[in-house]
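Asker: Can you keep this structure in mind? I'll have questions shortly.
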Amino acid sequence: MPIFVYVSPTGEKVGLIEYYCAEKEAKQVKLIYIQFKDERNFPSYLAPASLNTFLDNNSMQQLFLDLNVDSVHFKSKKLKLTDVNTLTNEQILDSLNLEKFGRKQPLGFSSVFDYFYITNLQKYDAQANTYLGGFHWVGDQGGVQVKYQVSSLGESAEEQTTHEFGHWIGFPHTWKKNGFINVVIEPNQAGTKDNFMDYNIKRKKFLKIQLLHYRR
C-alpha cells in the first residue's frame, strides 16, 4: 500500500512510503505454561491477551494476521528448574516435549500451528553478555520463552516472543541468511534500528523482503 508524504501547510508531495503486509493467513500458537517440580507458581509475565494486543497494535499484525493464541498450564512431575537451567537449548526442548507429549518431536504441529513453552528458566548468553530472551527452531515448530528480564532498552516479553515467532516462520537474524531468506539484511547487529529479527534495539516491524519469503 503506497502512502504519499506531503509537506504541511504547502501540500507539496515530497516522498512515498510503501507499507507491505503478507497475504492473510490464519495461524495458531499453543502457549504451554510450565511449572517445574521445584516451583510453586506458573509463569505470569506473559498473558495471551497481552500478546494478542501487542501483535495487533505494535507489530501491526504484519505477519501474524488472524493469530489465535491458545494456552494450557502443565505441572512437571520430573523436571526441576535448577536442573533444566544447566541444559542446552536442544536438551531443554527435548526434555519438555518428552514429558508433555511423550516424544521429542510432538505430532500435529505445522507451519501454521506452533507450540511455545512459557517458563521461568534463566539462560545467560555469555557471547551477547545478556540474558537470553528465548529460543525457537528456525523454520520449524517448537520454542521456549525464558523468564522475562527487564533490559536497558525496556524490551517487553511480548516483543521478545514476537522475535521467536519470526524464527518459527523461517526468519534468521538480520545479520544471517538461510534457505528462506538468502540475503543478509544488515551485516551489523542493531543496524536495522527497528526490525523484529535484530538485536539490541526497540523491535517494531518486519521488512518486505522477510514477508515476501516467509515459509508457508
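Residue numbering restarts at 1 for every chain of the C-alpha cells, chains are lettered A, B, ... in their displayed order, and ligands are numbered from 1 as they appear.
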Within 12 Å of Asp83 in chain A, counting only C-alpha atoms, which residues show up once you throw out same-chain ones fewer than 5 positions away? Write them as a ChimeraX atom specification, please.

Answerer: /A:36-38,78,88,91-92,95,121-122

Asker: Need the shell around Ile201 in chain A: protein/DNA/RNA residues with any atom at most 10 Å away, counting only C-alpha atoms. Skip same-chain ones fewer than 3 positions apart. Format as a PyMOL selection string?

Answerer: chain A and resi 152-155+189-198+204

Asker: Could you name the residues that touch Lys176 in chain A at 12 Å or less, counting only C-alpha atoms, but leaving out those on the same chain fewer than 3 positions away, as a PyMOL selection string?

Answerer: chain A and resi 138+170-173+179-189+197-198

Asker: Determine, counting only C-alpha atoms, which protein, DNA and RNA residues have an atom within 10 Å of an atom of range 18-32 of chain A; residues of the same chain fewer than 2 positions away are not included. Present the result as a ChimeraX atom specification.

Answerer: /A:1-4,16,34-35,46-48,60-74,100,109-119,141-145,165,206-214,216

Asker: In range 9-194 of chain A, what's alpha helix (DSSP H) per DSSP? Answer as a VMD selection string?

Answerer: chain A and resid 48 to 57 81 to 84 89 to 101 157 to 169

Asker: I need the chosen residues saved as a CSV table (one decimal), in the first residue's frame, with N, CA and C atoms.

Answerer:
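What landed in result_36.csv:
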```csv
chain,number,residue,atom,x,y,z
A,48,PRO,N,-1.8,-14.4,27.2
A,48,PRO,CA,-2.3,-14.5,25.8
A,48,PRO,C,-2.9,-13.2,25.3
A,49,ALA,N,-3.7,-12.6,26.2
A,49,ALA,CA,-4.4,-11.3,25.8
A,49,ALA,C,-3.4,-10.2,25.5
A,50,SER,N,-2.4,-10.1,26.3
A,50,SER,CA,-1.4,-9.0,26.1
A,50,SER,C,-0.6,-9.3,24.9
A,51,LEU,N,-0.3,-10.6,24.6
A,51,LEU,CA,0.4,-10.9,23.4
A,51,LEU,C,-0.4,-10.6,22.1
A,52,ASN,N,-1.6,-10.9,22.1
A,52,ASN,CA,-2.5,-10.6,21.0
A,52,ASN,C,-2.6,-9.1,20.8
A,53,THR,N,-2.7,-8.3,21.9
A,53,THR,CA,-2.8,-6.9,21.8
A,53,THR,C,-1.5,-6.3,21.3
A,54,PHE,N,-0.4,-6.8,21.7
A,54,PHE,CA,0.9,-6.4,21.2
A,54,PHE,C,1.0,-6.6,19.7
A,55,LEU,N,0.6,-7.8,19.2
A,55,LEU,CA,0.7,-8.1,17.8
A,55,LEU,C,-0.2,-7.3,17.0
A,56,ASP,N,-1.4,-7.0,17.6
A,56,ASP,CA,-2.4,-6.1,16.8
A,56,ASP,C,-1.9,-4.7,16.8
A,57,ASN,N,-1.4,-4.1,17.9
A,57,ASN,CA,-1.1,-2.7,18.0
A,57,ASN,C,0.3,-2.3,17.7
A,81,LEU,N,13.5,-26.9,37.8
A,81,LEU,CA,14.0,-25.7,37.2
A,81,LEU,C,15.5,-25.6,37.4
A,82,THR,N,16.1,-25.9,38.5
A,82,THR,CA,17.5,-25.8,38.8
A,82,THR,C,18.3,-26.7,37.9
A,83,ASP,N,17.8,-27.9,37.5
A,83,ASP,CA,18.5,-28.8,36.7
A,83,ASP,C,18.3,-28.4,35.2
A,84,VAL,N,17.1,-28.0,34.8
A,84,VAL,CA,16.9,-27.7,33.4
A,84,VAL,C,17.7,-26.5,33.0
A,89,ASN,N,19.9,-25.6,24.8
A,89,ASN,CA,18.6,-25.3,24.3
A,89,ASN,C,17.9,-26.6,23.7
A,90,GLU,N,18.6,-27.4,23.0
A,90,GLU,CA,18.1,-28.6,22.4
A,90,GLU,C,17.6,-29.6,23.5
A,91,GLN,N,18.4,-29.7,24.5
A,91,GLN,CA,18.1,-30.6,25.6
A,91,GLN,C,16.9,-30.1,26.4
A,92,ILE,N,16.8,-28.8,26.5
A,92,ILE,CA,15.6,-28.3,27.2
A,92,ILE,C,14.3,-28.6,26.5
A,93,LEU,N,14.3,-28.3,25.2
A,93,LEU,CA,13.1,-28.6,24.4
A,93,LEU,C,12.8,-30.1,24.3
A,94,ASP,N,13.8,-30.9,24.2
A,94,ASP,CA,13.6,-32.4,24.1
A,94,ASP,C,13.0,-32.8,25.4
A,95,SER,N,13.5,-32.3,26.6
A,95,SER,CA,13.0,-32.8,27.9
A,95,SER,C,11.6,-32.4,28.1
A,96,LEU,N,11.2,-31.1,27.7
A,96,LEU,CA,9.9,-30.7,27.9
A,96,LEU,C,8.9,-31.5,27.0
A,97,ASN,N,9.3,-31.7,25.8
A,97,ASN,CA,8.5,-32.5,24.8
A,97,ASN,C,8.3,-33.9,25.3
A,98,LEU,N,9.3,-34.5,25.8
A,98,LEU,CA,9.2,-35.9,26.2
A,98,LEU,C,8.2,-36.0,27.4
A,99,GLU,N,8.2,-35.1,28.3
A,99,GLU,CA,7.2,-35.2,29.4
A,99,GLU,C,5.8,-34.7,29.0
A,100,LYS,N,5.7,-33.7,28.2
A,100,LYS,CA,4.4,-33.2,27.8
A,100,LYS,C,3.7,-34.0,26.8
A,101,PHE,N,4.5,-34.4,25.8
A,101,PHE,CA,3.9,-35.1,24.6
A,101,PHE,C,4.3,-36.6,24.5
A,157,ALA,N,8.2,-8.6,27.2
A,157,ALA,CA,8.2,-10.0,27.0
A,157,ALA,C,7.5,-10.3,25.6
A,158,GLU,N,6.5,-9.5,25.3
A,158,GLU,CA,5.7,-9.6,24.1
A,158,GLU,C,6.6,-9.4,22.9
A,159,GLU,N,7.5,-8.4,23.0
A,159,GLU,CA,8.5,-8.1,21.9
A,159,GLU,C,9.4,-9.3,21.7
A,160,GLN,N,9.9,-9.8,22.8
A,160,GLN,CA,10.8,-11.0,22.7
A,160,GLN,C,10.1,-12.2,22.0
A,161,THR,N,8.9,-12.4,22.4
A,161,THR,CA,8.1,-13.5,21.9
A,161,THR,C,7.8,-13.4,20.4
A,162,THR,N,7.5,-12.2,20.0
A,162,THR,CA,7.3,-11.9,18.5
A,162,THR,C,8.6,-12.2,17.7
A,163,HIS,N,9.8,-11.9,18.3
A,163,HIS,CA,11.0,-12.3,17.7
A,163,HIS,C,11.1,-13.8,17.5
A,164,GLU,N,10.8,-14.6,18.5
A,164,GLU,CA,10.8,-16.0,18.4
A,164,GLU,C,9.8,-16.6,17.4
A,165,PHE,N,8.7,-16.0,17.3
A,165,PHE,CA,7.7,-16.4,16.3
A,165,PHE,C,8.2,-16.2,14.9
A,166,GLY,N,9.0,-15.1,14.8
A,166,GLY,CA,9.7,-14.9,13.5
A,166,GLY,C,10.6,-16.0,13.1
A,167,HIS,N,11.3,-16.6,14.0
A,167,HIS,CA,12.1,-17.8,13.8
A,167,HIS,C,11.2,-19.0,13.3
A,168,TRP,N,10.1,-19.1,13.9
A,168,TRP,CA,9.2,-20.2,13.5
A,168,TRP,C,8.8,-20.1,12.1
A,169,ILE,N,8.6,-18.9,11.6
A,169,ILE,CA,8.2,-18.7,10.2
A,169,ILE,C,9.4,-18.9,9.3
```

Asker: Determine which residues of range 31-195 of chain A receive a DSSP assignment of strand (DSSP E), computed from the backbone, and state them as an NGL selection string.

Answerer: :A and (31-35 or 67-75 or 113-118 or 124-125 or 130-131 or 134-136 or 143-145)

Asker: Name the residues in contact with Lys123 in chain A at a cut-off of 9 Å, using only C-alpha atoms, excluding same-chain residues fewer than 3 positions from it; report them as number ranges by chain.

Answerer: A: 85-86, 130-134, 146-147

Asker: Go ahead and write the selection's residues with N, CA and C atoms as a short mmCIF file (atom, residue, chain, number, x, y, z; two decimals), in the first residue's frame.

Answerer:
```
data_model
loop_
_atom_site.label_atom_id
_atom_site.label_comp_id
_atom_site.auth_asym_id
_atom_site.auth_seq_id
_atom_site.Cartn_x
_atom_site.Cartn_y
_atom_site.Cartn_z
N ASN A 85 17.96 -25.55 33.92
CA ASN A 85 18.74 -24.34 33.63
C ASN A 85 20.14 -24.66 33.12
N THR A 86 20.65 -25.84 33.44
CA THR A 86 22.01 -26.20 33.06
C THR A 86 22.08 -26.89 31.69
N THR A 130 24.33 -10.95 27.95
CA THR A 130 22.98 -10.62 28.41
C THR A 130 22.19 -11.91 28.62
N TYR A 131 21.05 -11.78 29.28
CA TYR A 131 20.19 -12.95 29.45
C TYR A 131 19.45 -13.24 28.14
N LEU A 132 19.31 -14.52 27.85
CA LEU A 132 18.61 -14.95 26.65
C LEU A 132 17.12 -14.70 26.83
N GLY A 133 16.48 -14.10 25.81
CA GLY A 133 15.05 -13.84 25.89
C GLY A 133 14.21 -15.07 25.61
N GLY A 134 14.77 -15.99 24.84
CA GLY A 134 14.07 -17.21 24.48
C GLY A 134 14.78 -17.85 23.30
N VAL A 146 12.07 -17.78 28.03
CA VAL A 146 12.67 -17.83 29.35
C VAL A 146 12.13 -16.68 30.19
N LYS A 147 12.45 -16.68 31.47
CA LYS A 147 11.90 -15.68 32.39
C LYS A 147 12.23 -14.27 31.92
#
```
